[in-house]
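Shown next: data33.pdb, given as PDB, C-alpha atoms, pLDDT in the B column.
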```pdb
MODEL        1
ATOM      1  CA  MET A   1       4.109 -14.708  -6.184  1.00 77.00           C
ATOM      2  CA  ASP A   2       5.789 -13.069  -3.235  1.00 83.00           C
ATOM      3  CA  VAL A   3       4.436  -9.597  -2.407  1.00 87.00           C
ATOM      4  CA  LYS A   4       6.405  -7.259  -0.146  1.00 89.00           C
ATOM      5  CA  PHE A   5       4.904  -4.094   1.288  1.00 91.00           C
ATOM      6  CA  ASP A   6       6.572  -0.839   2.298  1.00 91.00           C
ATOM      7  CA  LEU A   7       4.566   1.373   4.640  1.00 92.00           C
ATOM      8  CA  VAL A   8       4.710   5.178   4.595  1.00 93.00           C
ATOM      9  CA  ARG A   9       2.701   7.391   6.921  1.00 93.00           C
ATOM     10  CA  ILE A  10       1.743  10.877   5.797  1.00 92.00           C
ATOM     11  CA  GLY A  11       1.822  13.085   8.889  1.00 89.00           C
ATOM     12  CA  LYS A  12       2.138  12.074  12.523  1.00 89.00           C
ATOM     13  CA  ILE A  13       0.670   9.256  14.600  1.00 88.00           C
ATOM     14  CA  ARG A  14      -2.822  10.011  15.862  1.00 88.00           C
ATOM     15  CA  LYS A  15      -3.453  10.481  19.560  1.00 90.00           C
ATOM     16  CA  ASN A  16      -6.675   8.470  19.446  1.00 89.00           C
ATOM     17  CA  CYS A  17      -5.875   4.773  20.054  1.00 90.00           C
ATOM     18  CA  THR A  18      -9.095   3.639  18.380  1.00 93.00           C
ATOM     19  CA  SER A  19      -8.132   5.436  15.177  1.00 92.00           C
ATOM     20  CA  GLU A  20      -4.743   3.727  15.214  1.00 91.00           C
ATOM     21  CA  LYS A  21      -6.361   0.306  15.646  1.00 94.00           C
ATOM     22  CA  ILE A  22      -8.700   0.976  12.730  1.00 94.00           C
ATOM     23  CA  LEU A  23      -5.740   2.005  10.561  1.00 93.00           C
ATOM     24  CA  LYS A  24      -3.827  -1.167  11.489  1.00 94.00           C
ATOM     25  CA  GLN A  25      -6.853  -3.296  10.637  1.00 96.00           C
ATOM     26  CA  ASN A  26      -7.306  -1.524   7.307  1.00 95.00           C
ATOM     27  CA  VAL A  27      -3.628  -2.082   6.459  1.00 95.00           C
ATOM     28  CA  ASP A  28      -3.914  -5.784   7.310  1.00 95.00           C
ATOM     29  CA  VAL A  29      -7.130  -6.242   5.322  1.00 96.00           C
ATOM     30  CA  LEU A  30      -5.742  -4.532   2.221  1.00 95.00           C
ATOM     31  CA  ARG A  31      -2.451  -6.437   2.517  1.00 94.00           C
ATOM     32  CA  ASN A  32      -4.251  -9.789   2.779  1.00 94.00           C
ATOM     33  CA  ASN A  33      -6.613  -8.969  -0.102  1.00 94.00           C
ATOM     34  CA  ILE A  34      -3.716  -8.057  -2.386  1.00 93.00           C
ATOM     35  CA  ARG A  35      -1.780 -11.194  -1.438  1.00 92.00           C
ATOM     36  CA  TYR A  36      -4.850 -13.348  -2.071  1.00 92.00           C
ATOM     37  CA  LEU A  37      -5.459 -11.708  -5.455  1.00 90.00           C
ATOM     38  CA  LEU A  38      -1.853 -12.121  -6.601  1.00 87.00           C
ATOM     39  CA  LYS A  39      -1.267 -15.550  -5.062  1.00 86.00           C
ATOM     40  CA  ASN A  40      -1.373 -17.469  -8.351  1.00 83.00           C
ATOM     41  CA  GLU A  41      -0.112 -14.706 -10.629  1.00 80.00           C
ATOM     42  CA  ILE A  42       3.344 -14.767 -12.182  1.00 77.00           C
ATOM     43  CA  CYS A  43       5.460 -11.628 -12.207  1.00 73.00           C
ATOM     44  CA  SER A  44       7.840 -10.760 -15.023  1.00 72.00           C
ATOM     45  CA  ASN A  45      10.680 -10.287 -12.502  1.00 69.00           C
ATOM     46  CA  LYS A  46      13.233 -13.060 -12.368  1.00 68.00           C
ATOM     47  CA  ASN A  47      12.645 -13.600  -8.629  1.00 71.00           C
ATOM     48  CA  ASN A  48       8.812 -13.490  -8.937  1.00 76.00           C
ATOM     49  CA  GLN A  49       8.517 -10.748  -6.323  1.00 80.00           C
ATOM     50  CA  LEU A  50       6.434  -7.576  -6.282  1.00 85.00           C
ATOM     51  CA  ASP A  51       7.108  -4.501  -4.132  1.00 88.00           C
ATOM     52  CA  ILE A  52       4.121  -2.295  -3.302  1.00 91.00           C
ATOM     53  CA  THR A  53       4.141   0.908  -1.271  1.00 92.00           C
ATOM     54  CA  MET A  54       1.177   1.418   1.065  1.00 94.00           C
ATOM     55  CA  ILE A  55       0.389   4.972   2.193  1.00 94.00           C
ATOM     56  CA  ILE A  56      -1.305   5.656   5.529  1.00 93.00           C
ATOM     57  CA  PRO A  57      -3.109   9.022   5.286  1.00 92.00           C
ATOM     58  CA  ALA A  58      -2.900  11.933   7.719  1.00 88.00           C
ATOM     59  CA  LYS A  59      -6.704  12.197   7.758  1.00 90.00           C
ATOM     60  CA  GLY A  60      -9.267   9.502   7.191  1.00 90.00           C
ATOM     61  CA  PHE A  61      -8.885   5.737   7.232  1.00 92.00           C
ATOM     62  CA  ASN A  62      -8.512   4.818   3.548  1.00 94.00           C
ATOM     63  CA  ILE A  63      -5.150   3.163   2.959  1.00 95.00           C
ATOM     64  CA  LYS A  64      -3.717   3.821  -0.513  1.00 94.00           C
ATOM     65  CA  ILE A  65      -1.286   1.846  -2.655  1.00 95.00           C
ATOM     66  CA  ARG A  66       1.225   3.242  -5.119  1.00 92.00           C
ATOM     67  CA  ILE A  67       1.279   1.199  -8.307  1.00 88.00           C
ATOM     68  CA  GLN A  68       3.605   3.392 -10.372  1.00 85.00           C
ATOM     69  CA  ASN A  69       6.559   1.214  -9.366  1.00 83.00           C
ATOM     70  CA  VAL A  70       4.809  -1.984 -10.563  1.00 85.00           C
ATOM     71  CA  LYS A  71       6.508  -2.667 -13.901  1.00 84.00           C
ATOM     72  CA  ASP A  72       4.327  -5.554 -15.080  1.00 84.00           C
ATOM     73  CA  PHE A  73       1.395  -4.081 -17.028  1.00 87.00           C
ATOM     74  CA  HIS A  74      -0.868  -7.089 -16.377  1.00 87.00           C
ATOM     75  CA  LEU A  75      -0.408  -6.841 -12.602  1.00 88.00           C
ATOM     76  CA  ARG A  76      -0.911  -3.085 -12.638  1.00 89.00           C
ATOM     77  CA  LYS A  77      -4.161  -3.502 -14.562  1.00 91.00           C
ATOM     78  CA  LEU A  78      -5.290  -6.249 -12.182  1.00 91.00           C
ATOM     79  CA  LEU A  79      -4.654  -4.033  -9.147  1.00 92.00           C
ATOM     80  CA  ARG A  80      -6.394  -1.087 -10.790  1.00 93.00           C
ATOM     81  CA  GLU A  81      -9.495  -3.158 -11.590  1.00 93.00           C
ATOM     82  CA  ASN A  82      -9.813  -4.828  -8.188  1.00 93.00           C
ATOM     83  CA  PHE A  83      -8.806  -1.905  -5.946  1.00 92.00           C
ATOM     84  CA  PRO A  84      -9.865   1.258  -7.829  1.00 92.00           C
ATOM     85  CA  ASN A  85     -10.466   3.355  -4.699  1.00 93.00           C
ATOM     86  CA  THR A  86      -7.103   2.584  -3.125  1.00 93.00           C
ATOM     87  CA  ILE A  87      -4.807   3.910  -5.863  1.00 94.00           C
ATOM     88  CA  TYR A  88      -2.577   6.752  -4.635  1.00 93.00           C
ATOM     89  CA  LYS A  89      -2.811   9.759  -6.935  1.00 91.00           C
ATOM     90  CA  GLY A  90      -0.580  12.126  -4.978  1.00 89.00           C
ATOM     91  CA  LYS A  91       2.961  13.237  -5.659  1.00 90.00           C
ATOM     92  CA  LEU A  92       6.071  11.171  -5.076  1.00 90.00           C
ATOM     93  CA  ASP A  93       7.603  14.135  -3.202  1.00 92.00           C
ATOM     94  CA  THR A  94       4.978  13.761  -0.483  1.00 90.00           C
ATOM     95  CA  ILE A  95       6.001  10.148   0.040  1.00 90.00           C
ATOM     96  CA  LEU A  96       9.698  10.985   0.052  1.00 90.00           C
ATOM     97  CA  ASP A  97       9.186  13.813   2.566  1.00 91.00           C
ATOM     98  CA  ASN A  98       7.353  11.477   4.961  1.00 90.00           C
ATOM     99  CA  ILE A  99       9.388   8.310   4.468  1.00 87.00           C
ATOM    100  CA  ASP A 100      11.073   8.572   7.882  1.00 85.00           C
ATOM    101  CA  ASN A 101       7.840   9.034   9.855  1.00 84.00           C
ATOM    102  CA  GLN A 102       6.996   6.473  12.508  1.00 84.00           C
ATOM    103  CA  ILE A 103       4.387   4.035  11.176  1.00 84.00           C
ATOM    104  CA  PHE A 104       2.604   2.793  14.308  1.00 80.00           C
ATOM    105  CA  LYS A 105       3.048   3.132  18.070  1.00 70.00           C
TER     106      LYS A 105
ENDMDL
END
```
Take the structure I supplied and represent it as structure tokens, if you would.
Amino acid sequence: MDVKFDLVRIGKIRKNCTSEKILKQNVDVLRNNIRYLLKNEICSNKNNQLDITMIIPAKGFNIKIRIQNVKDFHLRKLLRENFPNTIYKGKLDTILDNIDNQIFK
């Protein structure tokens, strides 16, 4: 299965370079873990592709994923079971307000 990620940053880029490096590493680790988990899964879409939105927080280093746009119930359950602490529980308006923010330096 092909997994595509959209990145959204809540707030502005941090001035601390070390914090930015940690955030980049956390994004890469979560991205690779999700791809590895879903590598052999089959999506109900005709093109076998899944789009996931990753949210970079304004404070802290825990990257979140938004699974509300995942239509396949089996894949949503699989993501919820394997990544329970990374599920975004905020409002969609927050994402839409920050969609044009710069992701990384």
Please evaluate the PyMOL selection byres ((chain A and resi 105) around 9) against the displayed coordinates and give the resulting residues as an mmCIF file with C-alpha atoms, in the coordinates of the input.
```
data_model
loop_
_atom_site.group_PDB
_atom_site.id
_atom_site.type_symbol
_atom_site.label_atom_id
_atom_site.label_comp_id
_atom_site.auth_asym_id
_atom_site.auth_seq_id
_atom_site.Cartn_x
_atom_site.Cartn_y
_atom_site.Cartn_z
ATOM 1 C CA ILE A 13 0.670 9.256 14.600
ATOM 2 C CA GLU A 20 -4.743 3.727 15.214
ATOM 3 C CA GLN A 102 6.996 6.473 12.508
ATOM 4 C CA ILE A 103 4.387 4.035 11.176
ATOM 5 C CA PHE A 104 2.604 2.793 14.308
#
```
Show me, as a VMD selection string, the residues that have an atom within 12 Å of A:Leu23 when counting all atoms listed in the file, minus same-chain residues fewer than 3 positions from it. chain A and resid 7 9 13 to 14 16 to 20 26 to 30 54 to 64 103 to 105
Output of the PyMOL selection byres ((chain A and resi 37) around 12), listed as a list in words: Met1, Asp2, Val3, Leu30, Arg31, Asn32, Asn33, Ile34, Arg35, Tyr36, Leu38, Lys39, Asn40, Glu41, Ile42, Leu75, Leu78, Leu79, Arg80, Glu81, Asn82 and Phe83 of chain A
Residue IDs satisfying the PyMOL selection byres ((chain A and resi 6) around 8), as a ChimeraX atom specification: /A:4-5,7-8,51-54
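We find atom CA of A:Ile87 and atom CA of A:Ile67 to be spaced 7.1 Å apart.
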Could you tell me which of A:Thr86, A:Asn101, A:Cys43, A:Ile95 comes closest to A:His74 if we count all atoms listed in the file?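 Selected residue with least distance to A:His74: A:Cys43.
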Any idea what the distance is between atom CA of A:Asn98 and atom CA of A:Ile10?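 Computing the Euclidean distance for atom CA of A:Asn98 and atom CA of A:Ile10 yields 5.7 Å.
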Length of the atom CA of A:Ser44 to atom CA of A:Lys71 vector [Å]: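 One can read the atom CA of A:Ser44 to atom CA of A:Lys71 distance as 8.3 Å.
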How big is the axis-aligned box around all listed atoms of stretch 3-10 of chain A once 3 Å goes on each side, and where's its centre, in Å to one decimal, as lines of an AutoDock Vina configuration file?
```
center_x = 4.2
center_y = 0.6
center_z = 2.3
size_x = 10.8
size_y = 26.5
size_z = 15.3
```
Starting from the block above, write stretch 19-56 of chain A out to a file with N, CA and C atoms, as a compact mmCIF listing (two decimals), in the first residue's frame, please.
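Done, and the output landed in result15.txt:
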```
# COMPACT_ATOMS: atom_id res chain seq x y z
N SER A 19 15.41 21.71 18.97
CA SER A 19 14.00 21.32 19.01
C SER A 19 13.49 20.98 17.61
N GLU A 20 13.92 21.74 16.62
CA GLU A 20 13.50 21.48 15.25
C GLU A 20 14.05 20.14 14.75
N LYS A 21 15.28 19.82 15.12
CA LYS A 21 15.86 18.54 14.71
C LYS A 21 15.11 17.38 15.36
N ILE A 22 14.75 17.54 16.62
CA ILE A 22 13.99 16.49 17.32
C ILE A 22 12.63 16.30 16.65
N LEU A 23 11.98 17.40 16.28
CA LEU A 23 10.68 17.29 15.61
C LEU A 23 10.82 16.58 14.27
N LYS A 24 11.85 16.91 13.50
CA LYS A 24 12.07 16.25 12.21
C LYS A 24 12.30 14.75 12.40
N GLN A 25 13.08 14.40 13.41
CA GLN A 25 13.34 12.98 13.68
C GLN A 25 12.06 12.26 14.08
N ASN A 26 11.25 12.91 14.91
CA ASN A 26 9.99 12.30 15.34
C ASN A 26 9.03 12.10 14.16
N VAL A 27 9.00 13.07 13.24
CA VAL A 27 8.17 12.94 12.04
C VAL A 27 8.65 11.75 11.21
N ASP A 28 9.96 11.66 11.01
CA ASP A 28 10.51 10.56 10.20
C ASP A 28 10.26 9.20 10.83
N VAL A 29 10.43 9.11 12.15
CA VAL A 29 10.21 7.83 12.84
C VAL A 29 8.75 7.40 12.73
N LEU A 30 7.83 8.32 12.98
CA LEU A 30 6.41 7.98 12.90
C LEU A 30 6.02 7.62 11.47
N ARG A 31 6.52 8.36 10.51
CA ARG A 31 6.25 8.09 9.09
C ARG A 31 6.73 6.68 8.71
N ASN A 32 7.95 6.35 9.10
CA ASN A 32 8.50 5.03 8.77
C ASN A 32 7.75 3.90 9.48
N ASN A 33 7.37 4.13 10.73
CA ASN A 33 6.61 3.11 11.47
C ASN A 33 5.25 2.84 10.84
N ILE A 34 4.58 3.89 10.40
CA ILE A 34 3.27 3.73 9.76
C ILE A 34 3.43 3.01 8.43
N ARG A 35 4.43 3.40 7.65
CA ARG A 35 4.66 2.73 6.36
C ARG A 35 4.97 1.25 6.55
N TYR A 36 5.78 0.94 7.56
CA TYR A 36 6.13 -0.45 7.83
C TYR A 36 4.90 -1.25 8.25
N LEU A 37 4.05 -0.65 9.09
CA LEU A 37 2.85 -1.32 9.55
C LEU A 37 1.89 -1.61 8.40
N LEU A 38 1.74 -0.65 7.49
CA LEU A 38 0.75 -0.77 6.42
C LEU A 38 1.33 -1.31 5.12
N LYS A 39 2.56 -1.78 5.16
CA LYS A 39 3.24 -2.22 3.94
C LYS A 39 2.47 -3.33 3.22
N ASN A 40 1.98 -4.30 3.93
CA ASN A 40 1.32 -5.45 3.31
C ASN A 40 -0.20 -5.39 3.39
N GLU A 41 -0.73 -4.28 3.87
CA GLU A 41 -2.18 -4.13 3.97
C GLU A 41 -2.75 -3.70 2.61
N ILE A 42 -4.03 -3.98 2.42
CA ILE A 42 -4.71 -3.60 1.20
C ILE A 42 -5.81 -2.61 1.56
N CYS A 43 -5.81 -1.49 0.87
CA CYS A 43 -6.79 -0.44 1.12
C CYS A 43 -8.00 -0.66 0.22
N SER A 44 -9.15 -0.18 0.65
CA SER A 44 -10.37 -0.35 -0.13
C SER A 44 -10.44 0.63 -1.30
N ASN A 45 -9.52 1.61 -1.36
CA ASN A 45 -9.49 2.53 -2.50
C ASN A 45 -9.08 1.78 -3.75
N LYS A 46 -9.50 2.29 -4.89
CA LYS A 46 -9.16 1.61 -6.14
C LYS A 46 -7.69 1.75 -6.49
N ASN A 47 -7.02 2.81 -6.00
CA ASN A 47 -5.60 2.99 -6.31
C ASN A 47 -4.70 2.52 -5.17
N ASN A 48 -5.26 1.91 -4.14
CA ASN A 48 -4.51 1.34 -3.01
C ASN A 48 -3.58 2.37 -2.37
N GLN A 49 -4.13 3.54 -2.12
CA GLN A 49 -3.35 4.64 -1.54
C GLN A 49 -4.08 5.20 -0.33
N LEU A 50 -3.31 5.60 0.68
CA LEU A 50 -3.86 6.14 1.91
C LEU A 50 -3.24 7.50 2.17
N ASP A 51 -4.06 8.50 2.46
CA ASP A 51 -3.58 9.84 2.79
C ASP A 51 -3.77 10.08 4.28
N ILE A 52 -2.68 10.43 4.96
CA ILE A 52 -2.71 10.68 6.40
C ILE A 52 -2.15 12.07 6.66
N THR A 53 -2.81 12.82 7.51
CA THR A 53 -2.34 14.14 7.91
C THR A 53 -1.58 14.02 9.22
N MET A 54 -0.35 14.54 9.22
CA MET A 54 0.48 14.56 10.43
C MET A 54 0.50 15.99 10.96
N ILE A 55 0.30 16.15 12.27
CA ILE A 55 0.24 17.46 12.90
C ILE A 55 1.46 17.64 13.79
N ILE A 56 2.21 18.71 13.53
CA ILE A 56 3.36 19.07 14.36
C ILE A 56 2.87 20.09 15.38
```
